[in-house]
file work_10.csv (CSV, C-alpha atoms and all ligand atoms)
chain,number,residue,atom,x,y,z
A,173,MET,CA,-15.3,26.0,-31.5
A,174,SER,CA,-17.3,23.9,-28.9
A,175,GLU,CA,-18.1,25.3,-25.5
A,176,GLN,CA,-15.7,22.8,-24.0
A,177,SER,CA,-12.8,23.8,-26.3
A,178,GLN,CA,-13.5,27.4,-25.6
A,179,SER,CA,-13.4,26.8,-21.8
A,180,ASN,CA,-10.1,24.8,-22.2
A,181,LEU,CA,-8.6,27.6,-24.2
A,182,LYS,CA,-9.7,30.1,-21.5
A,183,LEU,CA,-8.1,27.9,-18.9
A,184,GLU,CA,-4.9,27.7,-20.8
A,185,ASN,CA,-4.7,31.4,-21.4
A,186,ASN,CA,-5.4,32.0,-17.7
A,187,PHE,CA,-2.7,29.7,-16.5
A,188,GLN,CA,-0.2,29.4,-19.3
A,189,SER,CA,1.1,32.9,-18.6
A,190,LYS,CA,1.9,31.7,-15.1
A,191,PHE,CA,3.9,28.7,-16.3
A,192,HIS,CA,7.2,28.7,-14.5
A,193,SER,CA,5.8,31.2,-12.0
A,194,ASN,CA,4.8,30.4,-8.4
A,195,ILE,CA,1.8,28.3,-9.3
A,196,GLN,CA,1.9,25.1,-7.2
A,197,SER,CA,-0.7,22.4,-6.4
A,198,LYS,CA,-2.5,22.7,-3.1
A,199,ILE,CA,-4.8,20.1,-1.5
A,200,LEU,CA,-8.0,22.1,-1.2
A,201,SER,CA,-10.1,19.4,0.4
A,202,VAL,CA,-10.0,15.7,1.4
A,203,ALA,CA,-12.9,13.3,2.0
A,204,SER,CA,-13.7,9.7,2.4
A,205,PHE,CA,-16.5,7.2,2.3
A,206,LEU,CA,-16.5,3.8,4.0
A,207,PRO,CA,-19.4,1.4,3.7
A,208,SER,CA,-21.2,1.1,7.1
A,209,ASN,CA,-21.0,-2.7,7.3
A,210,VAL,CA,-18.2,-3.8,9.7
A,211,VAL,CA,-16.7,-7.3,9.2
A,212,THR,CA,-14.6,-8.3,12.2
A,213,ASN,CA,-11.9,-11.1,12.3
A,214,PHE,CA,-14.4,-13.1,14.3
A,215,ASP,CA,-16.9,-12.8,11.5
A,216,LEU,CA,-14.3,-14.3,9.1
A,217,GLU,CA,-13.7,-17.2,11.6
A,218,LYS,CA,-17.2,-18.2,10.8
A,219,ILE,CA,-16.7,-18.5,7.0
A,220,MET,CA,-13.1,-19.8,6.6
A,221,ASP,CA,-10.4,-21.6,8.6
A,222,THR,CA,-8.8,-18.6,10.2
A,223,THR,CA,-8.5,-17.0,13.7
A,224,ASN,CA,-8.6,-13.5,15.1
A,225,GLU,CA,-5.2,-14.2,16.7
A,226,TRP,CA,-3.6,-15.1,13.4
A,227,ILE,CA,-4.9,-12.0,11.5
A,228,LEU,CA,-4.1,-9.6,14.4
A,229,GLN,CA,-0.6,-11.0,15.0
A,230,ARG,CA,0.4,-11.2,11.3
A,231,THR,CA,-1.3,-8.0,10.1
A,232,GLY,CA,-2.6,-5.8,12.9
A,233,ILE,CA,-6.0,-5.8,11.3
A,234,SER,CA,-9.1,-6.1,13.6
A,235,GLU,CA,-11.9,-5.3,11.1
A,236,ARG,CA,-12.7,-4.0,7.7
A,237,ARG,CA,-15.7,-2.6,5.8
A,238,TRP,CA,-17.4,-4.7,3.1
A,239,VAL,CA,-20.4,-3.6,1.1
A,240,THR,CA,-23.6,-5.5,1.5
A,241,GLY,CA,-25.6,-4.4,-1.5
A,242,ASP,CA,-25.2,-3.9,-5.2
A,243,GLU,CA,-22.9,-0.9,-4.9
A,244,SER,CA,-20.1,-0.5,-7.5
A,245,THR,CA,-16.7,1.1,-7.1
A,246,SER,CA,-18.0,4.3,-8.9
A,247,ASP,CA,-20.8,4.6,-6.3
A,248,LEU,CA,-18.2,4.7,-3.4
A,249,ALA,CA,-16.1,7.1,-5.5
A,250,TYR,CA,-19.1,9.3,-6.0
A,251,SER,CA,-19.9,9.5,-2.3
A,252,ALA,CA,-16.3,10.5,-1.5
A,253,SER,CA,-16.2,12.9,-4.4
A,254,ILE,CA,-19.4,14.8,-3.4
A,255,LYS,CA,-18.0,15.2,0.1
A,256,ALA,CA,-14.6,16.5,-1.2
A,257,ILE,CA,-16.4,19.0,-3.5
A,258,GLU,CA,-18.5,20.2,-0.5
A,259,ASN,CA,-15.4,20.5,1.7
A,260,ALA,CA,-13.7,22.5,-1.0
A,261,HIS,CA,-16.5,25.0,-1.2
A,262,ILE,CA,-16.3,25.0,-5.0
A,263,ASP,CA,-19.0,24.4,-7.6
A,264,LYS,CA,-18.5,21.0,-9.1
A,265,LYS,CA,-18.5,22.7,-12.6
A,266,ASP,CA,-15.1,24.2,-11.6
A,267,ILE,CA,-13.5,20.8,-11.8
A,268,ASP,CA,-11.3,20.5,-14.9
A,269,MET,CA,-10.3,16.8,-14.8
A,270,ILE,CA,-11.1,13.6,-13.0
A,271,LEU,CA,-8.4,11.0,-12.1
A,272,LEU,CA,-9.6,7.8,-10.6
A,273,ALA,CA,-7.3,5.1,-9.2
A,274,THR,CA,-8.8,1.6,-8.8
A,275,LEU,CA,-8.0,-2.1,-9.2
A,276,SER,CA,-11.6,-3.1,-8.9
A,277,PRO,CA,-13.3,-1.3,-11.8
A,278,ASP,CA,-17.0,-1.2,-12.3
A,279,HIS,CA,-16.5,-3.1,-15.7
A,280,GLU,CA,-13.6,-4.1,-18.0
A,281,PHE,CA,-14.4,-1.0,-20.0
A,282,PRO,CA,-15.0,1.9,-20.1
A,283,GLY,CA,-12.9,3.2,-17.2
A,284,THR,CA,-14.5,3.7,-13.9
A,285,ALA,CA,-13.6,7.4,-14.1
A,286,CYS,CA,-16.2,7.6,-16.9
A,287,PHE,CA,-18.9,6.0,-14.7
A,288,LEU,CA,-18.0,8.4,-11.9
A,289,GLN,CA,-18.1,11.4,-14.3
A,290,GLY,CA,-21.6,10.3,-15.5
A,291,LYS,CA,-22.8,10.2,-11.9
A,292,LEU,CA,-21.3,13.6,-11.2
A,293,LYS,CA,-22.9,15.0,-14.4
A,294,LEU,CA,-19.6,16.6,-15.5
A,295,SER,CA,-19.7,16.0,-19.2
A,296,GLY,CA,-16.8,17.1,-21.4
A,297,ILE,CA,-13.9,17.2,-19.0
A,298,PRO,CA,-11.2,14.4,-19.2
A,299,ALA,CA,-11.8,11.4,-17.0
A,300,ILE,CA,-8.9,8.9,-16.7
A,301,ASP,CA,-8.5,5.6,-14.9
A,302,ILE,CA,-5.1,5.0,-13.2
A,303,ARG,CA,-4.4,1.2,-12.9
A,304,GLN,CA,-1.5,1.2,-10.5
A,305,GLN,CA,-3.1,-0.7,-7.6
A,306,CYS,CA,-2.0,0.4,-4.1
A,307,SER,CA,0.2,3.1,-5.7
A,308,GLY,CA,-2.7,4.5,-7.8
A,309,PHE,CA,-3.4,7.5,-5.7
A,310,ILE,CA,0.2,8.7,-5.6
A,311,TYR,CA,0.5,8.1,-9.4
A,312,ALA,CA,-2.7,10.2,-9.8
A,313,LEU,CA,-1.5,12.9,-7.5
A,314,SER,CA,1.8,13.1,-9.4
A,315,MET,CA,0.0,13.5,-12.7
A,316,ALA,CA,-2.5,16.0,-11.3
A,317,ASP,CA,0.4,18.0,-9.8
A,318,LEU,CA,2.1,18.3,-13.2
A,319,TYR,CA,-1.1,19.2,-15.0
A,320,ILE,CA,-1.6,22.0,-12.5
A,321,LYS,CA,2.0,23.3,-12.5
A,322,SER,CA,2.0,23.3,-16.3
A,323,GLY,CA,-1.0,25.7,-16.2
A,324,ARG,CA,-3.2,23.3,-18.1
A,325,TYR,CA,-5.9,22.8,-15.3
A,326,LYS,CA,-6.9,24.6,-12.2
A,327,ASN,CA,-9.0,22.1,-10.2
A,328,ILE,CA,-8.5,18.3,-10.4
A,329,LEU,CA,-10.6,15.7,-8.6
A,330,ILE,CA,-8.4,12.7,-7.6
A,331,VAL,CA,-10.2,9.6,-6.3
A,332,GLY,CA,-9.0,6.3,-5.0
A,333,ALA,CA,-11.9,3.8,-4.7
A,334,GLU,CA,-12.2,0.0,-4.3
A,335,ILE,CA,-14.7,-2.7,-3.7
A,336,HIS,CA,-12.6,-5.8,-3.0
A,337,SER,CA,-15.2,-7.8,-1.1
A,338,GLN,CA,-17.0,-9.0,-4.2
A,339,GLY,CA,-13.8,-10.3,-5.8
A,340,LEU,CA,-12.2,-12.3,-3.0
A,341,ASP,CA,-12.0,-16.0,-2.5
A,342,LYS,CA,-13.7,-16.2,0.9
A,343,SER,CA,-13.1,-19.9,1.4
A,344,THR,CA,-10.1,-21.2,3.3
A,345,ASP,CA,-8.3,-21.5,-0.1
A,346,GLY,CA,-8.2,-17.7,-0.3
A,347,ARG,CA,-7.6,-16.8,3.4
A,348,ASP,CA,-4.0,-15.5,2.9
A,349,VAL,CA,-5.4,-12.7,0.7
A,350,SER,CA,-9.1,-12.2,1.6
A,351,VAL,CA,-8.5,-11.3,5.3
A,352,LEU,CA,-6.3,-8.4,4.2
A,353,PHE,CA,-8.7,-6.3,2.1
A,354,GLY,CA,-11.5,-3.8,2.7
A,355,ASP,CA,-13.8,-1.6,0.7
A,356,GLY,CA,-13.7,2.2,0.7
A,357,ALA,CA,-13.0,5.4,-1.2
A,358,GLY,CA,-11.1,8.6,-0.6
A,359,ALA,CA,-11.1,11.8,-2.7
A,360,VAL,CA,-9.0,15.0,-2.9
A,361,ILE,CA,-9.5,18.3,-4.8
A,362,LEU,CA,-6.1,19.6,-6.0
A,363,THR,CA,-6.1,23.2,-6.9
A,364,ALA,CA,-3.7,25.8,-8.5
A,365,ASN,CA,-2.4,28.1,-5.8
A,366,GLU,CA,0.1,30.9,-6.0
A,367,VAL,CA,2.8,30.2,-3.4
A,368,LYS,CA,4.6,33.2,-1.9
A,369,ASN,CA,6.4,31.5,0.9
A,370,LYS,CA,7.5,27.9,0.2
A,371,ASP,CA,8.3,27.2,3.8
A,372,THR,CA,4.7,27.9,5.0
A,373,ASP,CA,2.2,28.0,2.1
A,374,SER,CA,0.3,24.8,1.2
A,375,HIS,CA,1.7,23.0,-1.8
A,376,ILE,CA,3.1,19.7,-3.1
A,377,LEU,CA,6.9,19.9,-2.8
A,378,SER,CA,7.5,16.8,-5.0
A,379,THR,CA,6.2,13.4,-6.1
A,380,HIS,CA,8.1,10.3,-7.1
A,381,ILE,CA,6.7,7.3,-8.9
A,382,HIS,CA,8.3,4.0,-9.9
A,383,ALA,CA,7.5,0.5,-11.2
A,384,ASP,CA,9.2,-2.9,-11.8
A,385,GLY,CA,7.2,-5.2,-14.0
A,386,GLN,CA,9.5,-8.1,-13.4
A,387,PHE,CA,7.4,-8.7,-10.4
A,388,ALA,CA,4.0,-8.3,-12.0
A,389,LYS,CA,2.9,-11.8,-11.1
A,390,GLU,CA,3.9,-11.6,-7.4
A,391,LEU,CA,0.5,-10.0,-6.7
A,392,TRP,CA,-2.0,-10.2,-9.5
A,393,LEU,CA,-5.5,-11.2,-10.8
A,394,PRO,CA,-5.1,-13.5,-13.8
A,395,ALA,CA,-8.6,-13.6,-15.3
A,396,PRO,CA,-10.4,-12.2,-17.1
A,397,GLY,CA,-7.6,-11.1,-19.4
A,398,SER,CA,-6.4,-11.1,-23.0
A,399,ALA,CA,-3.4,-13.2,-22.0
A,400,MET,CA,-5.7,-16.0,-20.9
A,401,GLY,CA,-5.5,-17.9,-24.2
A,402,ARG,CA,-7.4,-18.4,-27.3
A,403,GLU,CA,-10.4,-20.1,-25.5
A,404,GLY,CA,-11.4,-16.8,-24.1
A,405,ARG,CA,-10.6,-14.2,-21.4
A,406,ILE,CA,-12.4,-16.3,-18.8
A,407,THR,CA,-13.5,-19.9,-19.2
A,408,ASN,CA,-15.0,-22.6,-17.0
A,409,VAL,CA,-11.5,-24.0,-16.7
A,410,HIS,CA,-10.2,-20.7,-15.4
A,411,LEU,CA,-13.1,-20.6,-12.9
A,412,LEU,CA,-12.4,-24.1,-11.7
A,413,GLU,CA,-8.7,-23.1,-11.2
A,414,LYS,CA,-10.0,-20.0,-9.3
A,415,LEU,CA,-8.0,-17.6,-11.6
A,416,GLN,CA,-10.7,-14.9,-11.1
A,417,TYR,CA,-9.3,-14.4,-7.6
A,418,PRO,CA,-6.1,-12.4,-6.6
A,419,ARG,CA,-2.9,-14.3,-6.1
A,420,MET,CA,-0.1,-13.1,-3.9
A,421,ASN,CA,3.4,-14.1,-2.8
A,422,GLY,CA,3.0,-12.5,0.6
A,423,LYS,CA,6.6,-12.8,1.7
A,424,ALA,CA,8.0,-11.2,-1.5
A,425,VAL,CA,5.5,-8.4,-1.4
A,426,PHE,CA,6.3,-7.7,2.3
A,427,THR,CA,10.1,-7.6,1.7
A,428,HIS,CA,9.9,-5.3,-1.3
A,429,ALA,CA,7.3,-3.1,0.3
A,430,VAL,CA,9.6,-2.3,3.2
A,431,ARG,CA,12.6,-1.7,1.0
A,432,ARG,CA,10.8,0.4,-1.6
A,433,MET,CA,8.9,2.6,0.8
A,434,ILE,CA,12.1,3.4,2.6
A,435,GLU,CA,13.8,4.3,-0.7
A,436,SER,CA,10.9,6.5,-1.7
A,437,LEU,CA,11.0,8.4,1.5
A,438,ASP,CA,14.7,8.9,1.0
A,439,GLU,CA,14.1,10.2,-2.5
A,440,CYS,CA,11.6,12.7,-1.2
A,441,CYS,CA,13.9,13.9,1.5
A,442,ASN,CA,17.0,14.2,-0.8
A,443,CYS,CA,14.9,16.0,-3.5
A,444,ASN,CA,13.8,18.7,-1.1
A,445,ASN,CA,16.8,18.8,1.1
A,446,VAL,CA,14.7,17.8,4.1
A,447,LYS,CA,15.6,15.5,7.0
A,448,LEU,CA,13.2,12.8,8.2
A,449,GLN,CA,13.1,14.7,11.6
A,450,ASP,CA,11.6,17.7,9.7
A,451,ILE,CA,8.6,15.8,8.7
A,452,ASP,CA,5.5,16.2,10.9
A,453,LEU,CA,3.4,13.2,9.7
A,454,PHE,CA,4.0,10.0,7.8
A,455,LEU,CA,1.2,8.2,5.9
A,456,PHE,CA,2.3,4.9,4.6
A,457,HIS,CA,0.3,2.5,2.4
A,458,GLN,CA,-1.8,0.4,4.8
A,459,ALA,CA,-1.4,-3.3,3.9
A,460,ASN,CA,0.0,-4.7,7.1
A,461,LEU,CA,0.9,-2.9,10.4
A,462,ARG,CA,4.1,-5.0,10.5
A,463,ILE,CA,5.3,-3.4,7.3
A,464,VAL,CA,4.8,0.1,8.7
A,465,GLU,CA,6.4,-0.9,12.0
A,466,SER,CA,9.3,-2.4,10.2
A,467,ILE,CA,9.9,0.8,8.3
A,468,SER,CA,9.3,3.0,11.4
A,469,GLN,CA,11.9,1.0,13.4
A,470,ARG,CA,14.5,1.1,10.7
A,471,LEU,CA,14.1,4.9,10.2
A,472,GLU,CA,13.6,5.5,13.9
A,473,LEU,CA,10.3,7.3,13.3
A,474,PRO,CA,8.4,8.2,16.5
A,475,SER,CA,5.0,6.4,16.5
A,476,SER,CA,3.2,9.7,17.3
A,477,LYS,CA,4.2,10.8,13.7
A,478,VAL,CA,3.0,7.7,11.9
A,479,PHE,CA,-0.8,7.6,11.2
A,480,ASN,CA,-2.4,4.2,10.6
A,481,THR,CA,-5.9,3.1,9.6
A,482,VAL,CA,-5.2,-0.6,8.7
A,483,GLN,CA,-6.5,-1.8,12.1
A,484,LYS,CA,-10.1,-0.6,11.2
A,485,PHE,CA,-10.2,-0.5,7.5
A,486,ALA,CA,-7.7,-3.2,6.4
A,487,ASN,CA,-6.0,-2.7,2.9
A,488,THR,CA,-8.2,-0.5,0.7
A,489,THR,CA,-5.4,-0.3,-1.9
A,490,ALA,CA,-5.8,2.9,-4.0
A,491,ALA,CA,-8.2,4.4,-1.5
A,492,THR,CA,-5.9,4.0,1.5
A,493,ILE,CA,-3.9,7.2,1.3
A,494,PRO,CA,-6.8,9.6,0.9
A,495,ILE,CA,-8.8,7.7,3.6
A,496,GLY,CA,-5.8,8.0,5.9
A,497,MET,CA,-5.5,11.8,5.2
A,498,ASP,CA,-9.2,12.3,5.9
A,499,TYR,CA,-9.1,10.4,9.2
A,500,ALA,CA,-5.8,12.2,10.2
A,501,ILE,CA,-7.6,15.5,9.6
A,502,GLN,CA,-10.7,14.4,11.6
A,503,GLU,CA,-8.5,13.3,14.5
A,504,ASN,CA,-6.5,16.6,14.3
A,505,LYS,CA,-3.3,14.8,13.6
A,506,LEU,CA,-3.0,16.5,10.2
A,507,GLN,CA,-3.2,20.2,10.3
A,508,ARG,CA,-2.6,23.0,7.8
A,509,GLY,CA,1.1,24.0,7.6
A,510,MET,CA,2.4,20.5,8.5
A,511,LEU,CA,5.0,18.8,6.4
A,512,VAL,CA,3.5,15.4,5.4
A,513,ALA,CA,5.2,12.5,3.7
A,514,LEU,CA,3.1,9.9,1.8
A,515,SER,CA,4.7,6.6,0.7
A,516,THR,CA,3.2,3.6,-1.0
A,517,PHE,CA,3.9,0.2,-2.5
A,518,GLY,CA,1.8,-2.3,-4.4
A,519,SER,CA,1.2,-4.8,-7.1
A,520,GLY,CA,3.1,-4.2,-10.3
A,521,PHE,CA,5.4,-3.8,-8.4
A,522,THR,CA,4.7,-0.1,-8.2
A,523,TRP,CA,5.8,2.4,-5.5
A,524,GLY,CA,6.1,6.1,-4.9
A,525,SER,CA,6.1,9.0,-2.5
A,526,ALA,CA,5.0,12.6,-2.1
A,527,LEU,CA,6.1,15.4,0.2
A,528,ILE,CA,3.4,17.9,0.9
A,529,ARG,CA,3.2,21.1,2.9
A,530,TYR,CA,-0.5,20.6,3.9
B,601,LIG,O1,-0.8,-3.7,-0.9
B,601,LIG,C1,0.2,-4.7,-1.0
B,601,LIG,C2,-0.6,-5.9,-0.7
B,601,LIG,N1,-0.2,-6.9,0.2
B,601,LIG,C3,0.8,-6.9,1.1
B,601,LIG,O2,1.4,-5.9,1.4
B,601,LIG,C4,0.9,-8.1,1.9
B,601,LIG,C5,2.4,-8.4,2.3
B,601,LIG,N2,2.5,-9.7,3.0
B,601,LIG,C6,2.0,-9.9,4.2
B,601,LIG,O3,1.3,-9.0,4.8
B,601,LIG,C7,2.2,-11.2,4.9
B,601,LIG,O4,3.1,-12.0,4.1
B,601,LIG,C8,0.9,-12.0,5.1
B,601,LIG,C9,0.1,-11.3,6.1
B,601,LIG,C10,0.1,-12.2,3.8
B,601,LIG,C11,1.3,-13.4,5.6
B,601,LIG,O5,2.1,-13.4,6.7
B,601,LIG,P1,3.3,-14.3,6.9
B,601,LIG,O6,3.9,-14.1,8.2
B,601,LIG,O7,4.2,-14.0,5.7
B,601,LIG,O8,2.7,-15.7,6.8
B,601,LIG,P2,3.0,-17.0,5.9
B,601,LIG,O9,2.7,-16.6,4.4
B,601,LIG,O10,4.4,-17.4,6.2
B,601,LIG,O11,2.0,-18.0,6.3
B,601,LIG,C12,2.1,-18.7,7.5
B,601,LIG,C13,1.0,-19.8,7.7
B,601,LIG,C14,0.8,-20.7,6.5
B,601,LIG,O12,0.6,-22.0,7.0
B,601,LIG,P3,1.8,-23.1,7.0
B,601,LIG,O13,2.2,-23.3,5.6
B,601,LIG,O14,2.9,-22.5,7.8
B,601,LIG,O15,1.2,-24.2,7.7
B,601,LIG,C15,-0.5,-20.2,5.9
B,601,LIG,O16,-1.2,-21.2,5.3
B,601,LIG,O17,-0.2,-19.1,7.9
B,601,LIG,C16,-1.2,-19.7,7.1
B,601,LIG,N3,-2.2,-18.7,6.8
B,601,LIG,C17,-3.3,-18.5,7.6
B,601,LIG,N4,-3.6,-19.0,8.8
B,601,LIG,C18,-4.8,-18.5,9.3
B,601,LIG,C19,-2.3,-17.9,5.7
B,601,LIG,N5,-3.4,-17.1,5.8
B,601,LIG,C20,-4.0,-17.4,7.0
B,601,LIG,C21,-5.1,-17.0,7.6
B,601,LIG,N6,-5.5,-17.5,8.8
B,601,LIG,N7,-5.9,-16.0,7.1

call {"tool": "encode", "arguments": {"input": "work_10.csv", "output": "structure tokens"}}
result
Amino acid sequence: MSEQSQSNLKLENNFQSKFHSNIQSKILSVASFLPSNVVTNFDLEKIMDTTNEWILQRTGISERRWVTGDESTSDLAYSASIKAIENAHIDKKDIDMILLATLSPDHEFPGTACFLQGKLKLSGIPAIDIRQQCSGFIYALSMADLYIKSGRYKNILIVGAEIHSQGLDKSTDGRDVSVLFGDGAGAVILTANEVKNKDTDSHILSTHIHADGQFAKELWLPAPGSAMGREGRITNVHLLEKLQYPRMNGKAVFTHAVRRMIESLDECCNCNNVKLQDIDLFLFHQANLRIVESISQRLELPSSKVFNTVQKFANTTAATIPIGMDYAIQENKLQRGMLVALSTFGSGFTWGSALIRY
């Protein structure tokens, strides 16, 4: 039996006996990494026909981070992961699985989780890419939570990482999309934890994930892809038609985002018999401040309980929720013992939520 199989068996024996016991998933640490290069709305005015006023008024975004060098998504993921491992005070060899959510992979294949794993030098453990766009982190959290509760694994590294800036149409043609997105990464270590008091001990209460592929082309990147025809995944014709850039029906995405994030929160509350008023902090996907404001108004959430980063970092898709958690911790808005609701929506359409006793 290989060393890896032996260690897997040991893990199973250690934890299988606790299946259906009080083993829950706890967020042991959170970290993020943002490129240092700040791109303001005024910088964008110089390269396309847009204005600071339009971007601020329609989205609430003032600036975003865009990489300047040859960094790849797995580089950003690596920087966030190393910080999360340090913050968790564990040996990186104690990590049993890597889940990485991204829509901007290093390459078509293999998955970016494999590139990250190579950089972390963690050979042997499973490394999986989650391709659920803005909802990727909550999908990954949901999977990790179930792997831990089943007793299969003890420590799981979950990362959301994106480099959008290299893949946007930065001419006026692409202004409706390109002003919205930023680069960044966030990481979390999820660990198995015996919970004695469910009202106070740190754990994930529930996760909820959904998709509706009817709307797959409302926000998508056509090429390269196997559906692009017999001439090839990406041809000169595709390039002339700018099919290598994301396309979005902004109004449809906006409407569905508000509806689905409200539904997801409702699902979280009903599942746990919790009222919105019991929740201490709300972290919504950060695509547009108007989306969050619309949800907050409809649900009458006090602004002091809603944490936003979109103004400074724009939409970092799969990285948004862990980046938000990290900054909320740094600003003392997220503290141990708090009840936190995460809710997200993105391309696919995909959406989901999680309720966490942090
Ligand atoms: O993670 C999920 C990802 N995405 C989202 O959640 C995005 C959801 N949608 C949105 O946030 C909004 O729909 C946008 C911010 C994308 C657009 O806001 P809107 O209020 O729906 O604007 P619009 O699409 O109605 O566009 C209004 C005008 C158009 O001009 P005309 O046709 O009225 O002359 C656009 O061409 O604004 C124009 N426009 C811009 N003008 C200046 C579009 N982008 C820009 C821009 N600068 N960057």

call {"tool": "residues_around", "arguments": {"input": "work_10.csv", "residues": "Ile227 (chain A)", "least_positions_apart": "3", "cutoff": "10 Å", "atoms": "only C-alpha atoms", "output": "PyMOL selection string"}}
result
chain A and resi 213-214+216+222-224+230-235+347-348+351-352+460

call {"tool": "write_last_selection", "arguments": {"input": "work_10.csv", "atoms": "C-alpha atoms", "output": "compact mmCIF listing (two decimals), in the frame of the given file"}}
result
# COMPACT_ATOMS: atom_id res chain seq x y z
CA ASN A 213 -11.90 -11.10 12.30
CA PHE A 214 -14.40 -13.10 14.30
CA LEU A 216 -14.30 -14.30 9.10
CA THR A 222 -8.80 -18.60 10.20
CA THR A 223 -8.50 -17.00 13.70
CA ASN A 224 -8.60 -13.50 15.10
CA ARG A 230 0.40 -11.20 11.30
CA THR A 231 -1.30 -8.00 10.10
CA GLY A 232 -2.60 -5.80 12.90
CA ILE A 233 -6.00 -5.80 11.30
CA SER A 234 -9.10 -6.10 13.60
CA GLU A 235 -11.90 -5.30 11.10
CA ARG A 347 -7.60 -16.80 3.40
CA ASP A 348 -4.00 -15.50 2.90
CA VAL A 351 -8.50 -11.30 5.30
CA LEU A 352 -6.30 -8.40 4.20
CA ASN A 460 0.00 -4.70 7.10

call {"tool": "residues_near_ligand", "arguments": {"input": "work_10.csv", "ligand": "ligand LIG 601 (chain B)", "cutoff": "9 Å", "atoms": "all atoms listed in the file", "output": "MDAnalysis selection string"}}
result
chainID A and resid 216:217 220:227 229:231 305:307 344:353 391 420:429 457:463 487:490 516:519

call {"tool": "atom_distance", "arguments": {"input": "work_10.csv", "atom1": "CA of Leu340 (chain A)", "atom2": "CA of Phe309 (chain A)"}}
result
21.8 Å

call {"tool": "atom_distance", "arguments": {"input": "work_10.csv", "atom1": "CA of Gly404 (chain A)", "atom2": "CA of Gly520 (chain A)"}}
result
23.7 Å

call {"tool": "closest_residue", "arguments": {"input": "work_10.csv", "among": "A:Ile335, A:Leu506, A:Ala486, A:Ala359", "to": "Ile270 (chain A)", "atoms": "all atoms listed in the file"}}
result
A:Ala359

call {"tool": "closest_residue", "arguments": {"input": "work_10.csv", "among": "A:Trp238, A:Phe205, A:Tyr250, A:Tyr530", "to": "Gly339 (chain A)", "atoms": "all atoms listed in the file"}}
result
A:Trp238

call {"tool": "atom_distance", "arguments": {"input": "work_10.csv", "atom1": "CA of Gln196 (chain A)", "atom2": "CA of Ile381 (chain A)"}}
result
18.5 Å

call {"tool": "closest_residue", "arguments": {"input": "work_10.csv", "among": "A:Gly296, A:Asp215, A:Asp450, A:Phe281", "to": "Asp371 (chain A)", "atoms": "all atoms listed in the file"}}
result
A:Asp450

call {"tool": "closest_residue", "arguments": {"input": "work_10.csv", "among": "A:Gly401, A:Asn209, A:Ser343, A:Ala357", "to": "Tyr417 (chain A)", "atoms": "all atoms listed in the file"}}
result
A:Ser343

call {"tool": "residues_near_point", "arguments": {"input": "work_10.csv", "point": "(-13.4, 19.2, -18.3)", "cutoff": "6 Å", "atoms": "only C-alpha atoms", "output": "list in words"}}
result
Asp268, Met269, Gly296, Ile297 and Pro298 of chain A

call {"tool": "closest_residue", "arguments": {"input": "work_10.csv", "among": "A:Asn259, A:Thr481, A:Ser398, A:Thr274", "to": "Val360 (chain A)", "atoms": "all atoms listed in the file"}}
result
A:Asn259

call {"tool": "closest_residue", "arguments": {"input": "work_10.csv", "among": "A:Ser322, A:Asn444, A:Ser314, A:Thr245", "to": "Cys286 (chain A)", "atoms": "only C-alpha atoms"}}
result
A:Thr245

call {"tool": "residues_around", "arguments": {"input": "work_10.csv", "residues": "Ala299 (chain A)", "least_positions_apart": "2", "cutoff": "12 Å", "atoms": "all atoms listed in the file", "output": "PyMOL selection string"}}
result
chain A and resi 267-273+282-290+292-297+301-302+312+316+328-331

call {"tool": "residues_around", "arguments": {"input": "work_10.csv", "residues": "Leu473 (chain A)", "least_positions_apart": "4", "cutoff": "9 Å", "atoms": "only C-alpha atoms", "output": "PyMOL selection string"}}
result
chain A and resi 448-449+454+467-469+477-478
